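What's in upload-v4.cif: mmCIF, C-alpha atoms and all ligand atoms
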```cif
data_upload
loop_
_atom_site.label_atom_id
_atom_site.label_comp_id
_atom_site.auth_asym_id
_atom_site.auth_seq_id
_atom_site.Cartn_x
_atom_site.Cartn_y
_atom_site.Cartn_z
CA MET D 203 127.54 92.50 22.97
CA ALA D 204 127.11 96.24 22.42
CA GLN D 205 124.31 98.17 24.09
CA ALA D 206 121.19 98.68 21.90
CA PRO D 207 121.20 102.00 19.99
CA ILE D 208 119.24 104.98 21.34
CA THR D 209 117.21 107.19 18.99
CA ILE D 210 116.59 110.80 19.99
CA LEU D 211 114.25 113.17 18.10
CA THR D 212 115.95 116.53 17.55
CA PRO D 213 113.62 119.28 16.39
CA ALA D 214 116.24 122.02 15.80
CA GLU D 215 116.18 124.36 12.79
CA SER D 216 118.75 124.51 9.98
CA VAL D 217 119.71 128.13 9.26
CA PHE D 218 121.43 129.43 6.11
CA ASP D 219 123.57 132.53 6.64
CA PHE D 220 124.28 134.47 3.44
CA ASP D 221 126.41 137.16 5.05
CA TYR D 222 129.92 135.91 4.18
CA GLU D 223 131.72 138.79 5.91
CA VAL D 224 133.73 137.82 9.00
CA ARG D 225 131.55 139.34 11.71
CA PHE D 226 133.18 137.72 14.75
CA PRO D 227 136.99 137.98 14.34
CA GLN D 228 137.55 136.14 17.65
CA LEU D 229 135.58 133.14 16.35
CA ASP D 230 137.53 133.33 13.11
CA ARG D 231 140.78 133.17 15.12
CA LEU D 232 139.49 130.21 17.09
CA TYR D 233 138.67 128.43 13.81
CA GLU D 234 142.23 129.12 12.58
CA ASN D 235 143.62 127.67 15.84
CA ALA D 236 141.39 124.62 15.49
CA LYS D 237 142.78 123.95 11.99
CA ARG D 238 146.36 124.51 13.15
CA ASP D 239 145.99 122.17 16.16
CA GLN D 240 144.57 119.12 14.38
CA TRP D 241 146.34 115.89 15.38
CA ASN D 242 145.98 112.33 14.22
CA VAL D 243 145.12 109.65 16.78
CA SER D 244 146.70 106.86 14.72
CA THR D 245 150.02 108.59 14.02
CA THR D 246 150.57 111.16 16.80
CA ILE D 247 150.18 108.54 19.52
CA ASP D 248 152.50 105.51 19.72
CA TRP D 249 149.95 102.71 20.19
CA ASP D 250 152.58 99.95 20.25
CA ARG D 251 153.53 100.98 23.77
CA PRO D 252 152.27 98.61 26.46
CA ILE D 253 150.17 100.03 29.30
CA SER D 254 152.94 101.23 31.63
CA GLY D 255 151.17 101.40 34.98
CA PRO D 256 147.77 100.98 36.63
CA PRO D 257 145.26 102.85 34.44
CA LEU D 258 143.65 104.05 37.66
CA ASN D 259 145.63 104.18 40.88
CA MET D 260 143.17 102.35 43.13
CA SER D 261 145.17 103.03 46.30
CA LEU D 262 143.79 106.58 46.09
CA MET D 263 140.23 105.26 46.45
CA PRO D 264 139.12 105.20 50.09
CA PHE D 265 137.18 101.93 49.61
CA CYS D 266 140.50 100.18 48.97
CA GLN D 267 141.22 100.38 52.70
CA THR D 268 138.38 97.97 53.48
CA GLU D 269 138.96 94.38 54.60
CA LEU D 270 136.78 93.17 51.77
CA TYR D 271 138.90 94.86 49.11
CA ARG D 272 142.12 93.64 50.71
CA SER D 273 140.81 90.08 50.79
CA LEU D 274 140.49 90.08 46.96
CA GLY D 275 144.18 89.39 46.35
CA ALA D 276 146.49 91.24 43.95
CA GLU D 277 145.22 89.70 40.71
CA ARG D 278 141.52 90.48 41.34
CA GLN D 279 142.44 93.94 42.65
CA ASP D 280 144.28 94.64 39.38
CA LEU D 281 141.37 93.39 37.32
CA LEU D 282 138.92 95.54 39.32
CA GLY D 283 141.18 98.56 38.74
CA ARG D 284 141.28 97.90 35.00
CA LYS D 285 137.53 97.42 34.78
CA PHE D 286 136.80 100.45 36.94
CA ALA D 287 139.00 102.55 34.63
CA ALA D 288 137.26 101.04 31.57
CA TRP D 289 133.84 101.94 33.03
CA ARG D 290 134.93 105.54 33.63
CA LEU D 291 136.58 105.85 30.20
CA SER D 292 133.45 104.36 28.60
CA GLN D 293 131.48 107.30 30.00
CA PHE D 294 134.07 109.64 28.45
CA LEU D 295 133.62 107.78 25.15
CA HIS D 296 129.80 108.05 25.20
CA GLY D 297 130.09 111.72 26.20
CA GLU D 298 132.39 112.27 23.20
CA GLN D 299 129.89 110.65 20.86
CA GLY D 300 127.20 112.95 22.30
CA ALA D 301 129.51 115.94 21.78
CA LEU D 302 130.13 114.82 18.19
CA MET D 303 126.39 114.80 17.46
CA VAL D 304 125.62 118.07 19.28
CA ALA D 305 128.49 119.85 17.49
CA ALA D 306 126.98 118.61 14.21
CA GLN D 307 123.55 119.96 15.30
CA LEU D 308 125.18 123.32 16.05
CA VAL D 309 126.59 123.51 12.50
CA ASP D 310 122.97 123.41 11.34
CA ALA D 311 121.27 125.50 13.99
CA VAL D 312 123.56 128.45 14.80
CA PRO D 313 122.62 131.53 12.79
CA ASP D 314 126.17 132.89 12.21
CA LEU D 315 128.56 131.47 9.65
CA ASP D 316 131.66 132.14 11.82
CA ALA D 317 130.13 129.96 14.55
CA LYS D 318 129.15 127.28 12.00
CA LEU D 319 132.81 126.97 10.92
CA CYS D 320 133.99 126.65 14.54
CA ALA D 321 131.32 124.01 15.18
CA ALA D 322 132.42 122.14 12.05
CA ALA D 323 136.03 122.06 13.30
CA GLN D 324 134.68 120.78 16.62
CA VAL D 325 132.87 117.92 14.83
CA MET D 326 136.29 116.68 13.63
CA ASP D 327 137.80 117.15 17.10
CA GLU D 328 135.03 115.11 18.74
CA ALA D 329 135.34 112.37 16.11
CA ARG D 330 139.02 112.16 17.03
CA HIS D 331 138.15 111.90 20.74
CA VAL D 332 135.70 109.06 20.05
CA GLU D 333 138.43 107.31 18.07
CA ALA D 334 141.02 107.80 20.85
CA PHE D 335 138.90 106.53 23.74
CA ARG D 336 137.52 103.61 21.73
CA LYS D 337 141.04 102.53 20.86
CA TYR D 338 142.33 102.88 24.40
CA ILE D 339 139.42 101.11 26.14
CA THR D 340 139.59 98.12 23.83
CA LYS D 341 143.29 97.82 24.69
CA LEU D 342 142.32 97.82 28.36
CA ASP D 343 139.12 95.81 28.82
CA ARG D 344 135.68 96.36 27.29
CA ILE D 345 133.21 99.20 26.65
CA TYR D 346 130.55 99.59 29.37
CA PRO D 347 127.01 100.93 28.73
CA ILE D 348 126.18 104.62 29.09
CA ASP D 349 125.46 105.85 32.63
CA PRO D 350 121.76 106.87 33.07
CA THR D 351 122.70 110.35 34.38
CA LEU D 352 124.98 111.00 31.41
CA GLU D 353 122.25 109.79 29.05
CA ARG D 354 119.73 112.14 30.71
CA LEU D 355 122.11 115.09 30.36
CA LEU D 356 122.94 114.40 26.70
CA ARG D 357 119.31 113.71 25.86
CA ALA D 358 118.22 117.05 27.39
CA VAL D 359 120.81 118.89 25.28
CA MET D 360 120.05 117.01 22.07
CA GLU D 361 116.25 117.19 22.37
CA HIS D 362 116.15 120.96 22.92
CA GLU D 363 114.78 122.84 19.92
CA ARG D 364 116.74 126.05 20.66
CA TRP D 365 120.42 126.40 19.91
CA GLU D 366 121.27 128.58 22.95
CA PRO D 367 120.47 125.79 25.48
CA LYS D 368 122.35 123.31 23.28
CA TYR D 369 125.39 125.56 23.45
CA THR D 370 125.05 126.04 27.20
CA GLY D 371 124.39 122.37 27.91
CA MET D 372 127.17 121.06 25.67
CA GLN D 373 129.86 123.74 25.38
CA ILE D 374 129.76 124.95 28.95
CA ILE D 375 128.32 122.27 31.21
CA THR D 376 129.14 118.96 29.49
CA GLU D 377 132.54 120.19 28.25
CA GLY D 378 133.24 121.60 31.74
CA LEU D 379 132.32 118.24 33.25
CA ALA D 380 134.56 116.49 30.72
CA ILE D 381 137.54 118.76 31.47
CA ALA D 382 137.18 118.22 35.24
CA ALA D 383 136.81 114.44 34.78
CA PHE D 384 139.82 114.27 32.40
CA ARG D 385 141.97 116.29 34.81
CA PHE D 386 140.95 113.98 37.64
CA MET D 387 141.74 110.89 35.58
CA HIS D 388 145.06 112.41 34.47
CA ALA D 389 146.04 112.85 38.13
CA GLN D 390 144.95 109.33 39.07
CA THR D 391 146.45 107.26 36.25
CA GLY D 392 149.83 105.57 36.30
CA ASP D 393 149.79 104.87 32.55
CA GLU D 394 151.83 107.20 30.35
CA LEU D 395 149.84 106.39 27.20
CA LEU D 396 146.55 107.44 28.85
CA LYS D 397 148.19 110.56 30.30
CA GLU D 398 149.40 111.60 26.84
CA LEU D 399 146.01 110.93 25.23
CA LEU D 400 144.21 112.98 27.86
CA GLU D 401 146.64 115.89 27.41
CA TYR D 402 145.93 116.07 23.67
CA ILE D 403 142.18 115.79 24.23
CA MET D 404 142.07 118.39 27.03
CA LYS D 405 143.78 120.90 24.77
CA ASP D 406 140.97 120.49 22.21
CA GLU D 407 138.30 120.66 24.93
CA SER D 408 139.50 123.96 26.34
CA ARG D 409 139.18 125.42 22.83
CA HIS D 410 135.56 124.16 22.78
CA VAL D 411 134.70 125.91 26.05
CA GLY D 412 136.31 129.08 24.64
CA PHE D 413 134.16 128.74 21.53
CA GLY D 414 131.00 128.28 23.64
CA MET D 415 131.78 131.30 25.80
CA LEU D 416 132.45 133.56 22.80
CA ALA D 417 129.36 132.52 20.90
CA LEU D 418 127.09 132.55 23.95
CA ARG D 419 128.11 135.92 25.40
CA ASP D 420 126.48 137.70 22.53
CA ALA D 421 123.50 135.32 22.30
CA VAL D 422 122.59 135.53 26.00
CA ARG D 423 122.70 139.33 25.89
CA LYS D 424 120.12 139.29 23.10
CA LEU D 425 117.70 137.03 25.03
CA SER D 426 115.04 138.48 27.31
CA GLY D 427 111.79 137.51 29.06
CA PRO D 428 110.70 133.86 29.06
CA ALA D 429 113.45 132.73 26.64
CA ARG D 430 116.11 134.14 28.96
CA ASN D 431 114.46 132.61 32.06
CA SER D 432 114.15 129.25 30.40
CA LEU D 433 117.87 129.26 29.45
CA GLU D 434 118.80 130.08 33.06
CA GLU D 435 116.58 127.23 34.28
CA PHE D 436 118.04 124.81 31.74
CA ALA D 437 121.62 125.67 32.81
CA PHE D 438 120.77 125.07 36.45
CA ALA D 439 118.93 121.79 35.76
CA ALA D 440 121.97 120.51 33.84
CA CYS D 441 124.30 121.40 36.75
CA ASP D 442 121.89 119.83 39.24
CA MET D 443 121.95 116.52 37.35
CA THR D 444 125.69 116.08 37.82
CA ILE D 445 125.58 116.24 41.64
CA THR D 446 125.00 113.03 43.61
CA LYS D 447 122.28 113.44 46.27
CA VAL D 448 121.82 111.09 49.19
CA GLU D 449 118.22 110.26 50.13
CA ASN D 450 117.58 108.06 53.18
CA GLY D 451 121.17 106.89 53.01
CA VAL D 452 120.86 105.88 49.33
CA PRO D 453 122.81 107.85 46.71
CA ARG D 454 120.78 108.94 43.66
CA ASP D 455 121.53 111.00 40.53
CA GLY D 456 125.21 111.46 39.78
CA PHE D 457 127.26 108.89 37.91
CA LEU D 458 126.55 105.76 39.89
CA SER D 459 126.39 102.92 37.36
CA TYR D 460 129.94 101.81 38.31
CA HIS D 461 128.20 99.21 40.49
CA MET D 462 127.98 97.09 37.30
CA VAL D 463 131.75 96.54 37.49
CA PHE D 464 131.43 95.15 41.01
CA ASP D 465 128.38 93.04 40.03
CA GLU D 466 130.29 91.62 37.06
CA MET D 467 133.14 90.53 39.34
CA ALA D 468 130.71 89.31 42.05
CA ILE D 469 132.16 91.73 44.63
CA PRO D 470 129.39 92.81 47.07
CA LEU D 471 129.44 96.62 46.85
CA ASP D 472 126.81 96.91 49.61
CA GLN D 473 129.17 95.15 52.01
CA ILE D 474 131.98 97.51 51.05
CA ARG D 475 129.61 100.43 51.76
CA LEU D 476 128.66 98.89 55.11
CA GLU D 477 132.32 98.55 56.08
CA MET D 478 132.99 102.13 54.89
CA ASN D 479 130.12 103.45 56.99
CA GLN D 480 131.60 101.87 60.09
CA ASN D 481 134.83 103.79 59.68
CA PRO D 482 134.25 107.57 59.81
CA SER D 483 137.74 108.41 58.53
CA TRP D 484 137.23 106.39 55.31
CA LYS D 485 133.84 108.01 54.89
CA ASP D 486 135.48 111.42 55.37
CA ALA D 487 138.19 110.55 52.84
CA GLU D 488 135.49 109.57 50.32
CA ARG D 489 133.59 112.81 50.90
CA GLU D 490 136.84 114.75 50.59
CA MET D 491 137.51 113.16 47.19
CA GLU D 492 133.99 114.03 45.99
CA LYS D 493 134.45 117.56 47.27
CA GLN D 494 137.75 117.88 45.38
CA PHE D 495 136.10 116.81 42.14
CA ASN D 496 133.07 119.06 42.59
CA SER D 497 135.31 121.97 43.48
CA MET D 498 137.33 121.39 40.29
CA LEU D 499 134.09 121.18 38.31
CA PHE D 500 132.07 124.00 39.83
CA VAL D 501 134.38 126.47 41.58
CA ASP D 502 137.19 126.32 39.00
CA THR D 503 135.15 125.77 35.83
CA LEU D 504 131.36 126.11 35.70
CA ILE D 505 130.63 128.89 38.19
CA PRO D 506 133.04 131.45 36.62
CA CYS D 507 131.66 130.65 33.12
CA LEU D 508 128.02 130.90 34.21
CA ARG D 509 128.73 134.16 36.06
CA GLN D 510 130.46 135.66 33.01
CA LEU D 511 127.46 134.74 30.88
CA SER D 512 125.10 136.21 33.54
CA LEU D 513 123.30 132.87 33.72
CA LEU D 514 124.34 132.93 37.36
CA ASN D 515 122.73 136.16 38.58
CA ASP D 516 120.60 137.59 41.39
CA ARG D 517 117.63 135.42 40.40
CA THR D 518 119.52 132.11 40.03
CA GLU D 519 122.28 132.46 42.65
CA PRO D 520 120.08 131.11 45.52
CA TRP D 521 119.49 127.87 43.54
CA TYR D 522 123.22 127.27 43.18
CA ALA D 523 123.77 128.20 46.83
CA GLU D 524 121.16 125.63 47.88
CA LEU D 525 122.81 122.99 45.69
CA GLY D 526 125.99 123.83 47.63
CA VAL D 527 128.26 124.39 44.63
CA LEU D 528 129.34 128.01 45.11
CA SER D 529 132.18 126.99 47.41
CA PHE D 530 133.55 123.76 48.83
CA ALA D 531 135.56 125.15 51.75
CA ALA D 532 136.24 122.60 54.51
FE FE D 601 135.67 115.93 23.09
FE FE D 602 134.60 118.92 23.18
#
```

Could you render the structure as structure tokens?
Amino acid sequence: MAQAPITILTPAESVFDFDYEVRFPQLDRLYENAKRDQWNVSTTIDWDRPISGPPLNMSLMPFCQTELYRSLGAERQDLLGRKFAAWRLSQFLHGEQGALMVAAQLVDAVPDLDAKLCAAAQVMDEARHVEAFRKYITKLDRIYPIDPTLERLLRAVMEHERWEPKYTGMQIITEGLAIAAFRFMHAQTGDELLKELLEYIMKDESRHVGFGMLALRDAVRKLSGPARNSLEEFAFAACDMTITKVENGVPRDGFLSYHMVFDEMAIPLDQIRLEMNQNPSWKDAEREMEKQFNSMLFVDTLIPCLRQLSLLNDRTEPWYAELGVLSFAA
């Protein structure tokens, strides 16, 4: 049975722009590219192909070295791999639905017509991504509920009454998170169909980050005083949400609801953790993997964007330094 729907109140404004001149030629070009690069999930992708390899190569996961995992036997290991992939892809799917709705909000709320057209093209892109992930997951297993951290992030973006934080939260941070997660999944999957899907989707997503950067550069420059401070604080809070913290040995925040896959298969995750903790090299391998992902997300993607937008500046840099995301050197 599907998860119950969530209703979010969104108090943003709808703005008419009657200046029909092209004022931002770069946005106009991006809109042209968006039209040129449309693709059709049902016809571009050959869906008759069977899944050609493990959707997620579990041997890369450090917890697969544990006795408990090895005792599961090949069939249950395969099923766990499929379900784990379905859980992760379900988060992509929910994120895409969030992106679809935020892009639609941006059509309404952004003051410039050139940006409205880009946002409208993005609405179609995100609809396509929802379609693609829905189709793939149902081929694989089932759709899992939204992760609480992802829900918190999307809710914060959708509930904001200003369009600048919506842009920052969706086009820079959530899209950045999506690109890093898709790249990670692309590297970890053995299925050609999923690889191909992700390649098409990532191409669209990089256009969305480009759109966000172009539209925001000008908008951030115009902000000053409390509005500027509040945007900087919002950007940091959104980044902070995505990082898993460990408190008294218990992980919190981050995307942790994957435990539901283990619960569903009656595999005791706490015992796996216990076994992992007893072997420092597995623990190190797990930390290394997390570091790789965070480095891809922050060092390669978010930090350069936030710096370019001056949302990472003398005032905010210490916050990011304390969060430990400015570098992930060994
Ligand atoms: Fe998307
Ligand atoms: Fe997107």

Sorted by chain and rising residue number, list the residues of chain D at most 6 Å from ligand FE 601 (chain D) (counting only C-alpha atoms and all ligand atoms), each with its closest atom pair and distance in Å to one decimal, as a tab-separated table.
```
residue	atom	partner	partner_atom	distance
D:Glu298	CA	D:FE601	FE	4.9
D:Glu328	CA	D:FE601	FE	4.5
D:His331	CA	D:FE601	FE	5.3
D:Glu407	CA	D:FE601	FE	5.7
```

Could you take the residues named above and write them with C-alpha atoms, as a short mmCIF file (atom, residue, chain, number, x, y, z; two decimals), in the coordinates of the input?
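Written output follows (again-v4.cif):
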```
data_model
loop_
_atom_site.label_atom_id
_atom_site.label_comp_id
_atom_site.auth_asym_id
_atom_site.auth_seq_id
_atom_site.Cartn_x
_atom_site.Cartn_y
_atom_site.Cartn_z
CA GLU D 298 132.39 112.27 23.20
CA GLU D 328 135.03 115.11 18.74
CA HIS D 331 138.15 111.90 20.74
CA GLU D 407 138.30 120.66 24.93
#
```

- Please indicate the distance in Å from atom CA of D:Arg330 to atom CA of D:Leu258, rounded to one decimal place. 22.6 Å

- One decimal, Å: what's the distance from atom CA of D:Leu379 over to atom CA of D:Arg409, could you say?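 Straight-line distance from atom CA of D:Leu379 to atom CA of D:Arg409 works out to 14.4 Å.
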
- Task: Excluding stretch 303-314 of chain D and residues on its chain fewer than 3 positions from it, collect all residues at most 8 Å away from it, counting only C-alpha atoms, and give them as an MDAnalysis selection string.
- Result: chainID D and resid 214:219 299:300 317:319 321:322 324:325 359:360 365 368:369 372

- Message: Applying 12 Å and all atoms listed in the file, which residues near D:Arg354 remain after dropping the ones on its own chain fewer than 2 positions away? List them as an NGL selection string.
- Response: :D and (208 or 210 or 297 or 300 or 348-352 or 356-361 or 371 or 376 or 439-444 or 455-457)

Selected residues, C-alpha atoms, written as a compact mmCIF listing (two decimals), in the frame of the given file, please.
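Everything below was put into out.txt:
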```txt
# COMPACT_ATOMS: atom_id res chain seq x y z
CA ILE D 208 119.24 104.98 21.34
CA ILE D 210 116.59 110.80 19.99
CA GLY D 297 130.09 111.72 26.20
CA GLY D 300 127.20 112.95 22.30
CA ILE D 348 126.18 104.62 29.09
CA ASP D 349 125.46 105.85 32.63
CA PRO D 350 121.76 106.87 33.07
CA THR D 351 122.70 110.35 34.38
CA LEU D 352 124.98 111.00 31.41
CA LEU D 356 122.94 114.40 26.70
CA ARG D 357 119.31 113.71 25.86
CA ALA D 358 118.22 117.05 27.39
CA VAL D 359 120.81 118.89 25.28
CA MET D 360 120.05 117.01 22.07
CA GLU D 361 116.25 117.19 22.37
CA GLY D 371 124.39 122.37 27.91
CA THR D 376 129.14 118.96 29.49
CA ALA D 439 118.93 121.79 35.76
CA ALA D 440 121.97 120.51 33.84
CA CYS D 441 124.30 121.40 36.75
CA ASP D 442 121.89 119.83 39.24
CA MET D 443 121.95 116.52 37.35
CA THR D 444 125.69 116.08 37.82
CA ASP D 455 121.53 111.00 40.53
CA GLY D 456 125.21 111.46 39.78
CA PHE D 457 127.26 108.89 37.91
```

- Message: Neighbouring residues of D:Ala437 were defined as those with any atom within 8 Å, considering all atoms listed in the file; residues of the same chain fewer than 5 positions away were excluded. Please report them as a list in words.
- Response: Pro367, Thr370, Gly371, Ile375 and Leu513 of chain D

Based on the selection just made, write C-alpha atoms of those residues as a PDB file, keeping the file's coordinate frame.
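This is the output file selection.pdb:
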```
ATOM      1  CA  PRO D 367     120.470 125.790  25.480  1.00  0.00           C
ATOM      2  CA  THR D 370     125.050 126.040  27.200  1.00  0.00           C
ATOM      3  CA  GLY D 371     124.390 122.370  27.910  1.00  0.00           C
ATOM      4  CA  ILE D 375     128.320 122.270  31.210  1.00  0.00           C
ATOM      5  CA  LEU D 513     123.300 132.870  33.720  1.00  0.00           C
TER       6      LEU D 513
END
```

- Item | Separation of atom CA of D:Thr268 from atom CA of D:Lys447, in Å and rounded to one decimal |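 Atom CA of D:Lys447 lies 23.5 Å from atom CA of D:Thr268.
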
- Using only C-alpha atoms, find the one residue out of D:Tyr338, D:Tyr522, D:Phe294, D:Phe226 that sits nearest to D:Asp393. D:Tyr338

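For the set D:Thr246, D:Ser426, D:Gln390, D:Asn515, the residue with the smallest atom-to-atom gap to D:Phe495 is D:Gln390, counting all atoms listed in the file.
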
- Note on the structure: ligand FE 602 (chain D) proximity check over D:Glu466, D:Asp327, D:Glu435, D:Glu490, using only C-alpha atoms and all ligand atoms: winner is D:Asp327

- Query: Quick one: of D:Ser408, D:Ser292, D:Asn259, D:Thr340, who's nearest to ligand FE 602 (chain D), counting all atoms listed in the file?
  - Reply: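 Checking each candidate against ligand FE 602 (chain D), we get D:Ser408 as the closest.
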
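Distances to ligand FE 602 (chain D) were evaluated for D:Phe436, D:Phe413, D:Trp289, D:Phe386 using all atoms listed in the file, and the minimum falls at D:Phe413.
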
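Among the candidates D:Val411, D:Leu270, D:Val527, D:Leu262, the one nearest to ligand FE 602 (chain D) when counting all atoms listed in the file is D:Val411.
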
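Contact shell of D:Arg231 at 12 Å (only C-alpha atoms; same-chain neighbours under 3 positions omitted): Val224, Arg225, Phe226, Pro227, Gln228, Glu234, Asn235, Ala236, Lys237, Arg238, Asp316, Ala317, Leu319, Cys320, Arg409, Gly412, Phe413 and Leu416 of chain D.
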
Fewer than 3 positions away in the same chain doesn't count, so skip those; otherwise give me all residues within 10 Å of D:Leu342, counting all atoms listed in the file, as a PDB file with C-alpha atoms, in the frame of the given file.
```
ATOM      1  CA  ILE D 253     150.170 100.030  29.300  1.00  0.00           C
ATOM      2  CA  PRO D 257     145.260 102.850  34.440  1.00  0.00           C
ATOM      3  CA  ARG D 284     141.280  97.900  35.000  1.00  0.00           C
ATOM      4  CA  LYS D 285     137.530  97.420  34.780  1.00  0.00           C
ATOM      5  CA  ALA D 287     139.000 102.550  34.630  1.00  0.00           C
ATOM      6  CA  ALA D 288     137.260 101.040  31.570  1.00  0.00           C
ATOM      7  CA  LYS D 337     141.040 102.530  20.860  1.00  0.00           C
ATOM      8  CA  TYR D 338     142.330 102.880  24.400  1.00  0.00           C
ATOM      9  CA  ILE D 339     139.420 101.110  26.140  1.00  0.00           C
ATOM     10  CA  ILE D 345     133.210  99.200  26.650  1.00  0.00           C
TER      11      ILE D 345
END
```
